[in-house]
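Engineer: My file is query.tsv. It has TSV, C-alpha atoms:
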```tsv
chain	number	residue	atom	x	y	z
A	1	MET	CA	40.98	0.61	32.69
A	2	THR	CA	40.94	3.82	30.63
A	3	PRO	CA	41.23	6.93	32.84
A	4	ALA	CA	38.17	9.15	33.02
A	5	LEU	CA	40.39	12.19	32.34
A	6	THR	CA	43.89	12.61	30.97
A	7	VAL	CA	45.42	16.08	30.72
A	8	ARG	CA	48.85	16.18	29.11
A	9	GLY	CA	51.10	19.23	28.79
A	10	VAL	CA	48.23	21.70	28.69
A	11	HIS	CA	49.05	25.36	28.17
A	12	ALA	CA	46.33	27.99	28.29
A	13	SER	CA	46.24	31.75	28.54
A	14	HIS	CA	44.10	34.82	28.81
A	15	PRO	CA	44.80	37.58	26.27
A	16	GLY	CA	48.50	38.30	26.60
A	17	VAL	CA	48.80	36.46	29.94
A	18	PRO	CA	49.96	32.82	30.15
A	19	VAL	CA	48.05	30.97	32.89
A	20	LEU	CA	48.73	27.23	32.56
A	21	HIS	CA	52.25	26.02	31.84
A	22	GLY	CA	52.26	22.37	30.82
A	23	VAL	CA	49.72	20.88	33.24
A	24	ASP	CA	49.54	17.08	33.57
A	25	LEU	CA	46.62	15.47	35.41
A	26	GLU	CA	45.00	12.05	35.38
A	27	VAL	CA	41.72	10.97	36.96
A	28	GLN	CA	41.07	7.25	37.22
A	29	ALA	CA	37.53	5.98	36.63
A	30	GLY	CA	35.47	6.31	39.80
A	31	ALA	CA	38.02	8.56	41.56
A	32	ILE	CA	37.57	11.99	43.11
A	33	VAL	CA	40.59	14.20	42.43
A	34	ALA	CA	41.06	17.57	44.11
A	35	VAL	CA	42.97	20.36	42.38
A	36	LEU	CA	44.27	22.47	45.25
A	37	GLY	CA	45.79	25.92	44.90
A	38	GLY	CA	45.66	29.54	45.96
A	39	SER	CA	43.98	32.42	44.14
A	40	GLY	CA	45.36	33.07	40.67
A	41	CYS	CA	47.14	29.72	40.31
A	42	GLY	CA	45.03	28.64	37.31
A	43	LYS	CA	42.52	26.26	38.93
A	44	THR	CA	39.42	27.71	37.27
A	45	THR	CA	41.15	28.06	33.90
A	46	LEU	CA	42.10	24.37	34.05
A	47	LEU	CA	38.53	23.41	34.90
A	48	ARG	CA	37.17	25.52	32.06
A	49	ALA	CA	39.68	24.02	29.63
A	50	ILE	CA	38.55	20.51	30.59
A	51	ALA	CA	34.89	21.48	30.21
A	52	GLY	CA	35.50	23.16	26.84
A	53	PHE	CA	34.79	26.75	27.89
A	54	HIS	CA	38.43	27.86	27.50
A	55	PRO	CA	40.73	27.10	24.55
A	56	VAL	CA	43.88	25.02	24.96
A	57	ASP	CA	46.99	26.65	23.45
A	58	ALA	CA	49.03	23.42	23.53
A	59	GLY	CA	48.77	19.92	24.97
A	60	SER	CA	45.75	17.65	25.01
A	61	VAL	CA	42.65	16.69	27.00
A	62	HIS	CA	41.16	13.19	26.73
A	63	LEU	CA	37.86	12.17	28.32
A	64	ALA	CA	37.48	8.40	28.74
A	65	GLY	CA	40.14	7.97	26.07
A	66	ARG	CA	38.48	10.35	23.59
A	67	LEU	CA	40.45	13.40	22.46
A	68	VAL	CA	38.36	16.51	23.13
A	69	ALA	CA	41.02	19.24	23.00
A	70	GLY	CA	44.42	19.56	21.31
A	71	ASP	CA	46.00	18.56	17.99
A	72	GLY	CA	43.48	20.68	16.11
A	73	VAL	CA	40.51	19.18	17.96
A	74	ASP	CA	38.15	21.31	20.07
A	75	VAL	CA	34.95	19.44	20.94
A	76	PRO	CA	32.25	21.90	22.11
A	77	PRO	CA	31.20	21.72	25.79
A	78	GLU	CA	27.76	20.22	25.11
A	79	ARG	CA	29.37	17.25	23.33
A	80	ARG	CA	32.05	16.44	25.91
A	81	GLY	CA	29.79	14.56	28.31
A	82	VAL	CA	30.92	16.60	31.32
A	83	GLY	CA	28.75	17.68	34.25
A	84	LEU	CA	29.54	20.99	35.95
A	85	VAL	CA	28.68	22.11	39.50
A	86	PRO	CA	29.55	25.84	39.81
A	87	GLN	CA	30.26	27.80	42.98
A	88	ASP	CA	26.78	29.21	43.40
A	89	GLY	CA	24.76	26.31	41.96
A	90	ALA	CA	23.52	28.53	39.10
A	91	LEU	CA	19.98	27.15	39.32
A	92	PHE	CA	17.14	28.53	37.22
A	93	GLY	CA	14.93	30.46	39.62
A	94	HIS	CA	11.80	30.15	37.47
A	95	LEU	CA	12.00	26.33	37.38
A	96	THR	CA	11.18	23.82	40.09
A	97	VAL	CA	13.83	21.48	41.48
A	98	ALA	CA	12.63	18.80	39.06
A	99	GLY	CA	12.72	21.29	36.19
A	100	ASN	CA	16.31	22.23	37.00
A	101	VAL	CA	17.44	18.62	37.19
A	102	ALA	CA	15.61	17.68	33.97
A	103	PHE	CA	16.96	20.67	32.04
A	104	GLY	CA	19.71	18.78	30.22
A	105	LEU	CA	17.83	15.51	29.76
A	106	PRO	CA	16.20	14.45	26.49
A	107	ARG	CA	12.44	14.21	26.54
A	108	GLY	CA	11.07	10.71	26.88
A	109	PRO	CA	9.35	8.24	29.19
A	110	ARG	CA	12.47	7.80	31.34
A	111	ARG	CA	12.97	11.50	32.03
A	112	HIS	CA	10.71	11.68	35.09
A	113	ASP	CA	12.17	8.47	36.52
A	114	ARG	CA	15.74	9.71	36.06
A	115	VAL	CA	14.96	12.97	37.87
A	116	ALA	CA	13.48	10.99	40.78
A	117	GLU	CA	16.53	8.71	40.86
A	118	VAL	CA	19.11	11.47	41.15
A	119	LEU	CA	17.06	13.49	43.65
A	120	GLU	CA	16.88	10.43	45.87
A	121	LEU	CA	20.61	9.92	45.38
A	122	VAL	CA	21.41	13.41	46.72
A	123	GLY	CA	18.91	13.12	49.58
A	124	LEU	CA	16.24	15.41	48.12
A	125	ALA	CA	13.41	13.00	47.36
A	126	GLY	CA	10.18	14.91	47.96
A	127	TYR	CA	11.68	18.28	46.96
A	128	ALA	CA	10.83	18.03	43.24
A	129	THR	CA	8.12	20.72	43.24
A	130	ARG	CA	10.01	23.32	45.29
A	131	ARG	CA	11.64	26.41	43.84
A	132	PRO	CA	15.34	27.22	44.41
A	133	ASP	CA	14.47	30.18	46.66
A	134	GLU	CA	12.68	27.76	49.00
A	135	LEU	CA	15.89	25.78	49.58
A	136	SER	CA	18.90	26.29	51.83
A	137	GLY	CA	22.32	26.90	50.30
A	138	GLY	CA	23.34	23.31	50.91
A	139	GLN	CA	20.16	21.98	49.30
A	140	GLN	CA	20.74	24.19	46.26
A	141	GLN	CA	24.22	22.75	45.82
A	142	ARG	CA	22.83	19.22	46.00
A	143	VAL	CA	20.27	20.12	43.31
A	144	ALA	CA	23.15	21.42	41.18
A	145	LEU	CA	24.93	18.08	41.70
A	146	ALA	CA	21.77	16.16	40.77
A	147	ARG	CA	21.49	18.21	37.58
A	148	ALA	CA	25.14	17.46	36.74
A	149	LEU	CA	24.70	13.72	37.39
A	150	ALA	CA	21.37	13.30	35.62
A	151	PRO	CA	22.75	12.79	32.07
A	152	GLY	CA	25.29	10.22	33.33
A	153	PRO	CA	28.41	12.25	32.44
A	154	ALA	CA	31.88	10.77	31.93
A	155	LEU	CA	33.24	13.32	34.41
A	156	VAL	CA	31.82	15.74	37.00
A	157	LEU	CA	33.62	19.05	37.55
A	158	LEU	CA	33.04	20.89	40.83
A	159	ASP	CA	34.24	24.50	40.96
A	160	GLU	CA	34.69	25.37	44.65
A	161	PRO	CA	31.07	24.32	45.26
A	162	PHE	CA	31.10	24.75	49.05
A	163	THR	CA	32.74	28.18	49.31
A	164	ALA	CA	29.51	30.11	49.89
A	165	LEU	CA	28.36	27.85	52.74
A	166	ASP	CA	29.11	28.51	56.41
A	167	ALA	CA	31.76	26.34	58.04
A	168	GLY	CA	29.49	23.80	59.73
A	169	LEU	CA	27.23	23.34	56.71
A	170	ARG	CA	30.22	23.14	54.38
A	171	VAL	CA	31.48	19.93	55.97
A	172	GLU	CA	28.02	18.34	56.01
A	173	VAL	CA	27.26	19.16	52.36
A	174	ARG	CA	30.73	18.08	51.25
A	175	GLU	CA	30.22	14.69	52.87
A	176	GLN	CA	26.78	14.35	51.25
A	177	VAL	CA	28.10	15.31	47.81
A	178	CYS	CA	31.07	12.94	48.02
A	179	ALA	CA	28.80	10.12	49.20
A	180	ALA	CA	26.49	10.72	46.23
A	181	LEU	CA	29.42	10.70	43.79
A	182	ARG	CA	30.81	7.48	45.24
A	183	ALA	CA	27.37	5.83	45.28
A	184	VAL	CA	27.27	5.94	41.47
A	185	ASP	CA	31.03	5.43	41.02
A	186	ALA	CA	31.30	8.85	39.39
A	187	SER	CA	34.63	10.34	38.35
A	188	ALA	CA	35.10	13.90	39.54
A	189	VAL	CA	37.49	16.84	39.70
A	190	LEU	CA	37.02	19.15	42.70
A	191	VAL	CA	38.69	22.55	42.44
A	192	THR	CA	39.34	24.13	45.84
A	193	HIS	CA	41.62	26.45	47.80
A	194	ASP	CA	40.69	24.73	51.08
A	195	GLN	CA	43.40	22.29	52.21
A	196	GLN	CA	41.17	20.40	54.64
A	197	GLU	CA	38.50	20.04	51.97
A	198	ALA	CA	41.00	18.59	49.50
A	199	LEU	CA	42.61	16.22	52.00
A	200	GLY	CA	39.28	15.07	53.41
A	201	ALA	CA	37.32	14.57	50.18
A	202	ALA	CA	39.69	13.32	47.50
A	203	ASP	CA	41.37	10.06	46.54
A	204	LEU	CA	44.19	12.08	44.99
A	205	VAL	CA	45.23	15.72	45.44
A	206	ALA	CA	47.07	17.75	42.80
A	207	VAL	CA	48.70	20.94	44.06
A	208	LEU	CA	48.63	23.67	41.42
A	209	SER	CA	51.04	26.59	41.76
A	210	GLN	CA	51.72	29.30	39.18
A	211	GLY	CA	50.05	27.27	36.47
A	212	ARG	CA	51.90	24.00	37.13
A	213	VAL	CA	51.11	20.84	39.07
A	214	VAL	CA	53.98	20.76	41.55
A	215	GLN	CA	52.90	17.54	43.29
A	216	ALA	CA	50.10	15.00	42.98
A	217	GLY	CA	49.40	12.03	45.18
A	218	PRO	CA	47.10	10.49	47.79
A	219	PRO	CA	46.25	12.88	50.64
A	220	ARG	CA	48.32	11.01	53.25
A	221	GLU	CA	51.36	11.00	50.98
A	222	LEU	CA	50.99	14.68	50.15
A	223	TYR	CA	50.67	15.64	53.82
A	224	GLY	CA	53.40	13.31	55.06
A	225	ALA	CA	55.92	13.69	52.25
A	226	PRO	CA	55.55	17.08	50.50
A	227	VAL	CA	57.93	17.57	47.59
A	228	ASP	CA	59.28	20.82	49.04
A	229	ALA	CA	58.86	23.11	52.02
A	230	ASP	CA	56.44	25.42	50.21
A	231	VAL	CA	54.05	22.57	49.43
A	232	GLY	CA	54.44	21.34	53.00
A	233	ALA	CA	53.49	24.76	54.36
A	234	PHE	CA	50.52	25.03	51.98
A	235	VAL	CA	49.08	21.58	52.62
A	236	GLY	CA	48.17	21.84	56.30
A	237	GLU	CA	49.89	23.64	59.15
A	238	ALA	CA	53.68	23.34	59.23
A	239	VAL	CA	56.53	24.14	61.61
A	240	LEU	CA	59.57	25.10	59.53
A	241	LEU	CA	62.85	25.33	61.42
A	242	PRO	CA	66.27	26.44	60.15
A	243	ALA	CA	68.67	23.53	60.42
A	244	VAL	CA	72.16	22.33	59.60
A	245	VAL	CA	72.63	18.65	58.82
A	246	VAL	CA	75.78	16.74	59.65
A	247	ALA	CA	75.96	12.97	59.16
A	248	GLY	CA	72.18	12.53	59.03
A	249	MET	CA	71.41	14.64	62.12
A	250	ALA	CA	69.75	18.04	61.86
A	251	ASP	CA	70.63	20.62	64.50
A	252	THR	CA	67.38	22.55	65.19
A	253	ALA	CA	65.75	24.70	67.87
A	254	VAL	CA	64.05	21.57	69.27
A	255	GLY	CA	67.28	19.56	69.35
A	256	ALA	CA	69.03	17.10	67.07
A	257	LEU	CA	66.69	15.22	64.74
A	258	PRO	CA	67.49	12.32	62.41
A	259	VAL	CA	66.74	13.22	58.78
A	260	ALA	CA	67.37	11.90	55.30
A	261	GLY	CA	69.31	14.33	53.15
A	262	PRO	CA	72.70	15.80	52.35
A	263	ASP	CA	74.92	17.60	54.82
A	264	GLY	CA	74.51	21.36	54.89
A	265	PRO	CA	72.00	24.10	55.72
A	266	GLY	CA	68.27	23.99	55.00
A	267	ARG	CA	64.91	23.72	56.72
A	268	VAL	CA	63.25	20.95	58.70
A	269	LEU	CA	59.50	20.50	58.40
A	270	LEU	CA	57.40	19.20	61.28
A	271	ARG	CA	53.64	19.14	61.76
A	272	PRO	CA	52.23	20.83	64.89
A	273	GLU	CA	50.80	17.51	66.13
A	274	GLN	CA	54.33	16.05	66.12
A	275	LEU	CA	55.43	18.47	68.86
A	276	ARG	CA	54.71	16.89	72.25
A	277	LEU	CA	54.57	19.06	75.36
A	278	SER	CA	55.54	17.93	78.84
A	279	ALA	CA	55.31	19.71	82.18
A	280	GLY	CA	58.41	21.66	83.16
A	281	GLY	CA	61.10	22.62	80.71
A	282	PRO	CA	62.85	25.48	78.93
A	283	ALA	CA	59.91	26.59	76.73
A	284	VAL	CA	57.26	29.12	77.79
A	285	VAL	CA	53.62	28.98	76.70
A	286	ARG	CA	52.74	32.26	75.00
A	287	GLU	CA	49.22	31.59	73.65
A	288	VAL	CA	46.56	28.87	73.77
A	289	VAL	CA	43.70	28.68	71.23
A	290	PHE	CA	40.94	26.21	72.14
A	291	HIS	CA	39.24	24.43	69.19
A	292	GLY	CA	37.04	21.99	71.11
A	293	HIS	CA	38.55	18.71	69.93
A	294	ASP	CA	42.08	20.03	70.45
A	295	SER	CA	44.07	23.21	71.12
A	296	THR	CA	46.78	25.16	69.34
A	297	VAL	CA	49.56	26.08	71.75
A	298	LEU	CA	52.24	28.62	70.84
A	299	VAL	CA	55.41	28.16	72.85
A	300	GLU	CA	58.66	30.09	72.79
A	301	LEU	CA	61.85	28.06	72.97
A	302	HIS	CA	65.23	29.83	72.90
A	303	GLY	CA	63.71	32.72	70.95
A	304	THR	CA	61.87	30.49	68.46
A	305	VAL	CA	58.06	30.38	68.47
A	306	LEU	CA	56.66	26.89	67.86
A	307	ARG	CA	53.07	25.99	66.94
A	308	CYS	CA	51.95	22.82	68.73
A	309	ARG	CA	48.68	20.87	68.72
A	310	THR	CA	47.45	19.11	71.84
A	311	ALA	CA	44.45	16.79	71.89
A	312	GLY	CA	41.86	16.64	74.64
A	313	PRO	CA	41.28	18.96	77.61
A	314	GLY	CA	44.80	18.83	79.04
A	315	ALA	CA	46.32	21.87	77.33
A	316	PRO	CA	48.74	24.02	79.37
A	317	VAL	CA	47.95	27.66	80.18
A	318	VAL	CA	49.74	30.84	79.21
A	319	GLY	CA	52.91	31.27	81.26
A	320	ASP	CA	53.49	27.56	81.91
A	321	ARG	CA	56.99	26.23	81.37
A	322	VAL	CA	57.04	23.11	79.22
A	323	GLY	CA	59.37	20.71	77.53
A	324	VAL	CA	59.07	20.11	73.77
A	325	GLY	CA	59.69	16.71	72.22
A	326	VAL	CA	59.26	15.46	68.66
A	327	GLU	CA	57.32	12.36	67.65
A	328	GLY	CA	57.60	10.87	64.18
A	329	PRO	CA	59.89	11.65	61.24
A	330	ALA	CA	61.22	15.09	60.36
A	331	ARG	CA	61.69	16.07	56.72
A	332	PHE	CA	64.71	18.08	55.61
A	333	TYR	CA	64.82	20.41	52.62
A	334	PRO	CA	68.33	21.65	51.70
A	335	SER	CA	68.83	25.34	50.95
```
I'd like the structure from this file rewritten - as structure tokens, please.

Structural biologist:
Amino acid sequence: MTPALTVRGVHASHPGVPVLHGVDLEVQAGAIVAVLGGSGCGKTTLLRAIAGFHPVDAGSVHLAGRLVAGDGVDVPPERRGVGLVPQDGALFGHLTVAGNVAFGLPRGPRRHDRVAEVLELVGLAGYATRRPDELSGGQQQRVALARALAPGPALVLLDEPFTALDAGLRVEVREQVCAALRAVDASAVLVTHDQQEALGAADLVAVLSQGRVVQAGPPRELYGAPVDADVGAFVGEAVLLPAVVVAGMADTAVGALPVAGPDGPGRVLLRPEQLRLSAGGPAVVREVVFHGHDSTVLVELHGTVLRCRTAGPGAPVVGDRVGVGVEGPARFYPS
């Protein structure tokens, strides 16, 4: 099956400032792909280049197999068949919900039916006559999604669409938006700086750093097998320990750990949930942060502070002495 999006070797810049340095990205039909990166890494420039709002200096962009940018081709945004959901929804305040959704649709007998279809899809049936200022932030974002989906685009681009929402609402709206995309088998690119959002929403996550995709893969693979220590520390919480490897065993602050890698110095990466605490031992609990479903416990072991995660109500208290064990594989990154 032809991918919904293929980006190959794309370079792009702002006046005098290179931003993208040979980006490769592929989105399979019906997949949600998250582009994850920090501020200034080029996420928005990449999204704008795909949509046609930013020129490509080199490389190519294909949508459903059709060349839309590169090799002397630059198809204008309105002819690319791409739907865009911006950060703030960007709804027209003088139009009703139905008017906003219908904005990009051709006039005809099916227009009203299509508006009703997509509003029902995003859970807003019955809201057609309301104005944007009568809606919550989450409802506004779902209207923006309905507007993007209404023309039946080849690809939907979401530019950090949940950033302005409070934490609790963000999760709820994200789940609703992803459910709506999957219900119509839509292909989508979600740009975000939120690791949990990327890991929880996408079929594939591409980590963008300094204008390059440094790793792309399914969320579990990215979290469990990061290509380097920096990616590991960026994608979720990480415990990075100095280590020296001899014959497949890494000497670390938490003891000897089996690793795959060459002999020599480097760093071992563990996830906080891999560190298991037991009553009595050489480590001292320095801080406990309760999250409800689990707790973060900072312990000091031989001068090294370790971040641990404990599930349930049985977290130790500050001052307790505990043992620290490791469950699951450790990853070693040579210096």

Engineer: How many Å lie between atom CA of A:Pro3 and atom CA of A:Val101, rounded to one decimal?

Structural biologist: 26.9 Å

Engineer: Could you jot down the atom CA of A:Arg130 to atom CA of A:Gln87 separation for me, Å, one decimal place?

Structural biologist: 20.9 Å

Engineer: Which neighbours of stretch 325-331 of chain A fall inside 12 Å, counting all atoms listed in the file, when residues of the same chain fewer than 6 positions from it are skipped, and could you give them as a PyMOL selection string?

Structural biologist: chain A and resi 223-229+232+238-243+245+248-262+266-279+281-283+301+306+308-309

Engineer: Between A:Arg79, A:Asp320, A:Gly312, A:Val10, which residue has the minimum interatomic distance to A:Leu298, considering only C-alpha atoms?

Structural biologist: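 Closest candidate: A:Asp320.
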
Engineer: Measure the distance from atom CA of A:Ala102 to atom CA of A:Arg170 in Å and round it to one decimal.

Structural biologist: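 Separation between atom CA of A:Ala102 and atom CA of A:Arg170: 25.7 Å.
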
Engineer: Just want the 6 Å neighbourhood of stretch 156-166 of chain A, counted on all atoms listed in the file, with same-chain residues fewer than 5 positions away dropped. Output as a ChimeraX atom specification.

Structural biologist: /A:82-87,188-192

Engineer: Find the residues around A:Ala186 up to 12 Å (only C-alpha atoms counted), leave out those fewer than 4 positions away in its own chain, and share them as a list in words.

Structural biologist: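 Result of the neighbour search: Ala4, Leu5, Val27, Gln28, Ala29, Gly30, Ala31, Ile32, Val33, Val82, Gly83, Leu145, Ala148, Leu149, Ala150, Pro151, Gly152, Pro153, Ala154, Leu155, Val156, Leu157, Val177, Cys178, Ala179, Ala180, Leu181 and Arg182 of chain A.
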
Engineer: Just to be explicit: take each residue in the selection above, keep C-alpha atoms, and write the result as a CSV table (one decimal), in the coordinates of the input.

Structural biologist:
```
chain,number,residue,atom,x,y,z
A,4,ALA,CA,38.2,9.2,33.0
A,5,LEU,CA,40.4,12.2,32.3
A,27,VAL,CA,41.7,11.0,37.0
A,28,GLN,CA,41.1,7.2,37.2
A,29,ALA,CA,37.5,6.0,36.6
A,30,GLY,CA,35.5,6.3,39.8
A,31,ALA,CA,38.0,8.6,41.6
A,32,ILE,CA,37.6,12.0,43.1
A,33,VAL,CA,40.6,14.2,42.4
A,82,VAL,CA,30.9,16.6,31.3
A,83,GLY,CA,28.8,17.7,34.2
A,145,LEU,CA,24.9,18.1,41.7
A,148,ALA,CA,25.1,17.5,36.7
A,149,LEU,CA,24.7,13.7,37.4
A,150,ALA,CA,21.4,13.3,35.6
A,151,PRO,CA,22.8,12.8,32.1
A,152,GLY,CA,25.3,10.2,33.3
A,153,PRO,CA,28.4,12.2,32.4
A,154,ALA,CA,31.9,10.8,31.9
A,155,LEU,CA,33.2,13.3,34.4
A,156,VAL,CA,31.8,15.7,37.0
A,157,LEU,CA,33.6,19.0,37.6
A,177,VAL,CA,28.1,15.3,47.8
A,178,CYS,CA,31.1,12.9,48.0
A,179,ALA,CA,28.8,10.1,49.2
A,180,ALA,CA,26.5,10.7,46.2
A,181,LEU,CA,29.4,10.7,43.8
A,182,ARG,CA,30.8,7.5,45.2
```

Engineer: Could you tell me which of A:Ala98, A:Gly38, A:Gly314, A:Val289 comes closest to A:His112 if we count only C-alpha atoms?

Structural biologist: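 So, comparing all the options, the nearest one is A:Ala98.
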
Engineer: For A:Arg66, please output as number ranges by chain all residues within 12 Å (counting all atoms listed in the file; exclusion window: fewer than 3 positions along the same chain).

Structural biologist: A: 2-7, 60-63, 69-70, 73-75, 79-81, 154
